[in-house]
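Structure file query.csv (CSV, C-alpha atoms) is printed below.
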chain,number,residue,atom,x,y,z
A,1225,MET,CA,0.0,0.0,0.0
A,1226,THR,CA,1.2,3.5,-0.8
A,1227,PRO,CA,1.2,6.3,1.8
A,1228,ARG,CA,-1.5,8.1,-0.2
A,1229,SER,CA,-3.9,5.1,-0.2
A,1230,ILE,CA,-3.4,4.7,3.5
A,1231,TYR,CA,-4.2,8.4,4.0
A,1232,ASN,CA,-7.3,8.1,1.9
A,1233,THR,CA,-8.6,5.2,3.8
A,1234,LEU,CA,-8.0,6.9,7.2
A,1235,PHE,CA,-9.4,10.3,6.0
A,1236,PRO,CA,-12.0,9.9,3.3
A,1237,LEU,CA,-13.2,13.5,3.4
A,1238,GLN,CA,-10.4,16.1,2.7
A,1239,LEU,CA,-11.6,19.5,3.6
A,1240,SER,CA,-8.9,21.7,1.9
A,1241,SER,CA,-5.2,21.4,1.4
A,1242,PHE,CA,-3.2,19.0,3.6
A,1243,PHE,CA,0.6,18.7,3.8
A,1244,HIS,CA,1.4,15.0,4.1
A,1245,PHE,CA,4.5,13.1,3.2
A,1246,GLY,CA,6.1,16.2,1.6
A,1247,VAL,CA,3.2,16.6,-0.9
A,1248,VAL,CA,0.3,18.9,-0.9
A,1249,LEU,CA,-2.9,17.0,-1.4
A,1250,ARG,CA,-5.6,19.2,-2.9
A,1251,ALA,CA,-9.2,18.1,-2.5
A,1252,LYS,CA,-11.6,18.2,-5.4
A,1253,MET,CA,-14.8,19.5,-3.8
A,1254,SER,CA,-17.7,21.5,-5.1
A,1255,SER,CA,-18.1,25.1,-4.1
A,1256,HIS,CA,-21.4,24.3,-2.5
A,1257,LEU,CA,-19.9,21.7,-0.2
A,1258,VAL,CA,-17.0,24.1,0.8
A,1259,TRP,CA,-19.6,26.8,1.5
A,1260,SER,CA,-21.7,24.6,3.7
A,1261,ILE,CA,-18.5,23.8,5.7
A,1262,ILE,CA,-17.2,27.4,6.1
A,1263,ARG,CA,-20.5,29.2,6.1
A,1264,ASN,CA,-21.0,29.7,9.9
A,1265,ASN,CA,-17.4,29.5,11.1
A,1266,ASN,CA,-14.3,30.9,9.4
A,1267,ALA,CA,-11.6,33.4,10.1
A,1268,PHE,CA,-13.0,36.1,7.9
A,1269,LEU,CA,-16.5,36.3,9.5
A,1270,LEU,CA,-17.6,39.4,11.3
A,1271,LYS,CA,-20.7,38.8,13.4
A,1272,LYS,CA,-22.4,41.8,15.1
A,1273,ARG,CA,-25.4,42.1,17.3
A,1274,ASN,CA,-28.7,43.0,15.7
A,1275,ILE,CA,-27.4,42.3,12.2
A,1276,ASN,CA,-29.0,39.4,10.4
A,1277,LYS,CA,-26.4,38.9,7.6
A,1278,PRO,CA,-22.8,38.7,8.9
A,1279,PHE,CA,-20.0,40.6,7.1
A,1280,SER,CA,-16.9,39.0,5.6
A,1281,THR,CA,-13.3,40.5,5.4
A,1282,GLU,CA,-11.9,38.1,2.8
A,1283,SER,CA,-10.2,39.2,-0.4
A,1284,ASN,CA,-12.2,39.1,-3.6
A,1285,ASN,CA,-15.5,39.7,-1.9
A,1286,LEU,CA,-17.0,42.7,-3.6
A,1287,THR,CA,-19.8,43.5,-1.2
A,1288,ASN,CA,-18.1,42.3,2.1
A,1289,LEU,CA,-21.2,40.3,2.9
A,1290,SER,CA,-20.9,36.7,3.9
A,1291,SER,CA,-22.8,34.9,1.1
A,1292,TYR,CA,-22.2,32.1,-1.3
A,1293,ARG,CA,-22.4,34.3,-4.4
A,1294,TYR,CA,-19.8,36.9,-3.3
A,1295,ASN,CA,-17.4,34.6,-1.5
A,1296,GLY,CA,-13.9,34.8,-2.9
A,1297,LEU,CA,-12.5,31.7,-1.4
A,1298,ILE,CA,-14.8,28.9,-2.6
A,1299,HIS,CA,-15.2,29.7,-6.3
A,1300,LYS,CA,-12.7,28.8,-9.1
A,1301,LYS,CA,-13.4,32.2,-10.6
A,1302,SER,CA,-13.7,35.3,-8.3
A,1303,VAL,CA,-13.2,39.0,-8.8
A,1304,GLY,CA,-11.9,41.6,-6.4
A,1305,ILE,CA,-11.4,45.3,-6.8
A,1306,VAL,CA,-8.9,47.2,-4.6
A,1307,ASP,CA,-7.3,50.6,-4.5
A,1308,ALA,CA,-4.2,51.0,-6.7
A,1309,PRO,CA,-0.9,51.2,-4.9
A,1310,ASP,CA,-0.4,54.9,-5.9
A,1311,ARG,CA,-4.0,55.8,-5.2
A,1312,LYS,CA,-4.6,56.6,-8.9
A,1313,GLY,CA,-7.2,54.2,-10.3
A,1314,PHE,CA,-8.0,50.7,-9.1
A,1315,THR,CA,-6.6,47.2,-9.3
A,1316,VAL,CA,-8.7,44.2,-10.6
A,1317,VAL,CA,-7.7,41.0,-8.9
A,1318,TYR,CA,-9.2,37.8,-10.4
A,1319,LYS,CA,-8.6,34.1,-10.3
A,1320,LYS,CA,-7.7,31.9,-13.2
A,1321,ALA,CA,-10.0,28.9,-13.3
A,1322,SER,CA,-7.3,26.8,-15.0
A,1323,LYS,CA,-4.8,27.3,-12.2
A,1324,HIS,CA,-7.2,26.7,-9.3
A,1325,ASN,CA,-4.9,24.1,-7.7
A,1326,LYS,CA,-1.8,26.3,-7.9
A,1327,PRO,CA,-2.3,29.1,-5.3
A,1328,ARG,CA,0.7,31.2,-6.4
A,1329,LYS,CA,-0.2,31.3,-10.0
A,1330,ASN,CA,-4.0,31.5,-9.8
A,1331,THR,CA,-4.4,35.2,-9.1
A,1332,THR,CA,-3.9,37.9,-11.7
A,1333,LYS,CA,-3.7,41.7,-11.0
A,1334,ARG,CA,-4.5,44.4,-13.5
A,1335,ILE,CA,-4.1,48.0,-12.7
A,1336,MET,CA,-6.6,50.4,-14.4
A,1337,LYS,CA,-5.8,54.0,-14.1
A,1338,SER,CA,-6.5,55.5,-17.5
A,1339,GLY,CA,-9.3,57.8,-16.3
A,1340,PRO,CA,-12.6,56.9,-14.7
A,1341,ARG,CA,-14.7,56.4,-17.8
A,1342,ARG,CA,-12.2,54.4,-19.7
A,1343,SER,CA,-11.3,52.2,-16.7
A,1344,LEU,CA,-14.9,51.4,-15.9
A,1345,TYR,CA,-15.5,50.5,-19.6
A,1346,LYS,CA,-12.4,48.3,-19.6
A,1347,LEU,CA,-13.6,46.5,-16.4
A,1348,LYS,CA,-17.0,45.9,-17.9
A,1349,ARG,CA,-15.4,44.5,-21.1
A,1350,LEU,CA,-13.1,42.3,-19.1
A,1351,LEU,CA,-16.0,40.7,-17.2
A,1352,ASN,CA,-18.6,40.5,-20.0
A,1353,LYS,CA,-16.5,39.7,-23.2
A,1354,ASN,CA,-14.5,37.0,-21.4
A,1355,ARG,CA,-17.7,35.7,-19.8
A,1356,TYR,CA,-15.9,35.9,-16.5
A,1357,ARG,CA,-18.5,35.9,-13.6
A,1358,THR,CA,-21.0,38.1,-15.5
A,1359,ASP,CA,-23.3,38.0,-12.4
A,1360,LEU,CA,-20.7,40.2,-10.6
A,1361,THR,CA,-20.4,42.8,-13.3
A,1362,LYS,CA,-22.7,45.5,-11.8
A,1363,VAL,CA,-21.4,44.9,-8.3
A,1364,ALA,CA,-17.8,45.2,-9.6
A,1365,LEU,CA,-18.6,48.4,-11.4
A,1366,ARG,CA,-20.2,49.9,-8.3
A,1367,ARG,CA,-17.2,49.0,-6.2
A,1368,ALA,CA,-14.7,50.5,-8.7
A,1369,SER,CA,-16.7,53.7,-9.1
A,1370,ALA,CA,-16.8,54.0,-5.3
A,1371,ILE,CA,-13.0,53.7,-5.2
A,1372,LEU,CA,-12.6,56.2,-7.9
A,1373,ARG,CA,-15.0,58.6,-6.2
A,1374,SER,CA,-13.0,58.3,-2.9
A,1375,GLN,CA,-9.8,59.3,-4.8
A,1376,LYS,CA,-11.3,62.6,-6.0
A,1377,ALA,CA,-10.0,65.7,-4.4
A,1378,ILE,CA,-12.6,67.5,-2.2
A,1379,PRO,CA,-13.3,71.0,-3.5
A,1380,GLN,CA,-12.4,73.7,-1.0
A,1381,LYS,CA,-15.3,75.8,0.2
A,1382,LYS,CA,-15.0,79.5,-0.2
A,1383,PRO,CA,-15.2,81.4,3.1
A,1384,LYS,CA,-18.5,83.3,3.5
A,1385,ALA,CA,-18.2,87.1,3.0
A,1386,THR,CA,-19.2,89.1,6.1
A,1387,LYS,CA,-21.8,91.7,5.6
A,1388,LYS,CA,-20.8,95.2,6.4
A,1389,THR,CA,-23.1,97.1,8.7
A,1390,GLU,CA,-23.1,100.9,8.2
For the structure just supplied, provide its representation as structure tokens.
Amino acid sequence: MTPRSIYNTLFPLQLSSFFHFGVVLRAKMSSHLVWSIIRNNNAFLLKKRNINKPFSTESNNLTNLSSYRYNGLIHKKSVGIVDAPDRKGFTVVYKKASKHNKPRKNTTKRIMKSGPRRSLYKLKRLLNKNRYRTDLTKVALRRASAILRSQKAIPQKKPKATKKTE
């Protein structure tokens, strides 16, 4: 018997990645099964009083809500939008589905800082034309425009002129 077959007989359900005998064993599980396991208990969960839906702090979660649809950990394809390093534009972080078992190579970053309109158009094309999680297109555009809006300089208010009393 090989070490792997012994391991499989002892542990038939592999939850995620295990390091055993110098080899990383990657489980092949559906995203629904992983979601049912991590739904109520994971390191990224933020539960507060009087809030029905808990928040999530994981990367690639566009709405920061803990839900199956927006979770960035369980899907082979996920999209995340973050601030650019120089605070000009935004960075699109997405997973490659073909490299889902290679954690170092599966994320790709694209910085978009060619102006707000053009950047949002490029983001929309990236998601729609490549058929890459088209269900997240509107949410991604909303998040990107919020980041761009936060980078705008706030106009200075002019001081009010005092009335002269004669």
Listing only residues of range 1353-1376 of chain A within 8 Å of range 1277-1294 of chain A, what is the closest atom pair and its distance in Å (to one decimal) for each, using all atoms listed in the file, sorted by chain and residue number ascending, as a Markdown table?
| residue | atom | partner | partner_atom | distance |
| --- | --- | --- | --- | --- |
| A:Val1363 | CA | A:Leu1286 | CA | 6.8 |
| A:Ala1364 | CA | A:Leu1286 | CA | 6.5 |
| A:Arg1367 | CA | A:Leu1286 | CA | 6.8 |
Could you list, with a cut-off of 12 Å and counting all atoms listed in the file, the residues of range 1247-1326 of chain A near range 1376-1380 of chain A, each shown with its nearest atom pair and the distance in Å rounded to one decimal, rows sorted by chain and ascending number, as a tab-separated table?
residue	atom	partner	partner_atom	distance
A:Arg1311	CA	A:Lys1376	CA	10.0
A:Lys1312	CA	A:Lys1376	CA	9.4
A:Gly1313	CA	A:Lys1376	CA	10.3
Subject >> Atomic distance CA of Leu1270 in chain A - CA of Leu1351 in chain A, expressed in Å with one decimal >> reply: 28.6 Å
**OP:** Please measure the separation of CA of Thr1361 in chain A and CA of Lys1348 in chain A, giving the value in Å to one decimal.
**Re:**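 Calculated distance between CA of Thr1361 in chain A and CA of Lys1348 in chain A is 6.5 Å.
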Original post:
Of the candidates A:Lys1381, A:Lys1346, A:Lys1300, A:Arg1334, which one gets nearest to Ser1322 in chain A if we count only C-alpha atoms?
Top reply: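 Smallest distance to Ser1322 in chain A is found for A:Lys1300.
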Subject >> Point-to-point distance in Å for CA of Asn1330 in chain A and CA of Lys1362 in chain A >> reply: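 Going from CA of Lys1362 in chain A over to CA of Asn1330 in chain A covers 23.4 Å.
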**OP:** For range 1324-1328 of chain A, work out the shell of residues within 9 Å, counting all atoms listed in the file and skipping chain neighbours fewer than 4 positions away, then give it as number ranges by chain.
**Re:** A: 1250, 1300-1301, 1319-1320
Original post:
Given the choices A:Thr1315, A:Asn1266, A:Thr1386, A:Ser1369, which gets closest to Asn1295 in chain A if the distance is worked out from only C-alpha atoms?
Top reply: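 The shortest atom-to-atom distance to Asn1295 in chain A comes from A:Asn1266.
Take the candidates A:Lys1333, A:His1299, A:Arg1341, A:Arg1349 and check each one against Ala1321 in chain A using all atoms listed in the file; the shortest distance goes to A:His1299.
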**OP:** Measuring atom to atom with all atoms listed in the file, identify which of A:Ala1370, A:Ala1385, A:Leu1297, A:Val1303 is nearest to Val1258 in chain A.
**Re:**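 Of all the options, A:Leu1297 lies closest to Val1258 in chain A.
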How would range 1258-1284 of chain A of the given structure read as a file with C-alpha atoms, as a PDB file, in the first residue's frame?
ATOM      1  CA  VAL A1258     -17.043  24.064   0.811  1.00  0.00           C
ATOM      2  CA  TRP A1259     -19.593  26.820   1.455  1.00  0.00           C
ATOM      3  CA  SER A1260     -21.669  24.556   3.700  1.00  0.00           C
ATOM      4  CA  ILE A1261     -18.516  23.815   5.723  1.00  0.00           C
ATOM      5  CA  ILE A1262     -17.203  27.392   6.105  1.00  0.00           C
ATOM      6  CA  ARG A1263     -20.541  29.234   6.139  1.00  0.00           C
ATOM      7  CA  ASN A1264     -20.969  29.651   9.891  1.00  0.00           C
ATOM      8  CA  ASN A1265     -17.392  29.476  11.072  1.00  0.00           C
ATOM      9  CA  ASN A1266     -14.284  30.903   9.385  1.00  0.00           C
ATOM     10  CA  ALA A1267     -11.554  33.417  10.134  1.00  0.00           C
ATOM     11  CA  PHE A1268     -13.034  36.146   7.901  1.00  0.00           C
ATOM     12  CA  LEU A1269     -16.490  36.254   9.480  1.00  0.00           C
ATOM     13  CA  LEU A1270     -17.615  39.407  11.320  1.00  0.00           C
ATOM     14  CA  LYS A1271     -20.721  38.838  13.381  1.00  0.00           C
ATOM     15  CA  LYS A1272     -22.370  41.778  15.147  1.00  0.00           C
ATOM     16  CA  ARG A1273     -25.422  42.145  17.330  1.00  0.00           C
ATOM     17  CA  ASN A1274     -28.743  43.000  15.679  1.00  0.00           C
ATOM     18  CA  ILE A1275     -27.380  42.291  12.179  1.00  0.00           C
ATOM     19  CA  ASN A1276     -28.997  39.395  10.359  1.00  0.00           C
ATOM     20  CA  LYS A1277     -26.394  38.942   7.621  1.00  0.00           C
ATOM     21  CA  PRO A1278     -22.778  38.737   8.878  1.00  0.00           C
ATOM     22  CA  PHE A1279     -19.975  40.602   7.141  1.00  0.00           C
ATOM     23  CA  SER A1280     -16.878  39.050   5.636  1.00  0.00           C
ATOM     24  CA  THR A1281     -13.342  40.463   5.382  1.00  0.00           C
ATOM     25  CA  GLU A1282     -11.894  38.067   2.819  1.00  0.00           C
ATOM     26  CA  SER A1283     -10.228  39.229  -0.364  1.00  0.00           C
ATOM     27  CA  ASN A1284     -12.174  39.053  -3.637  1.00  0.00           C
TER      28      ASN A1284
END
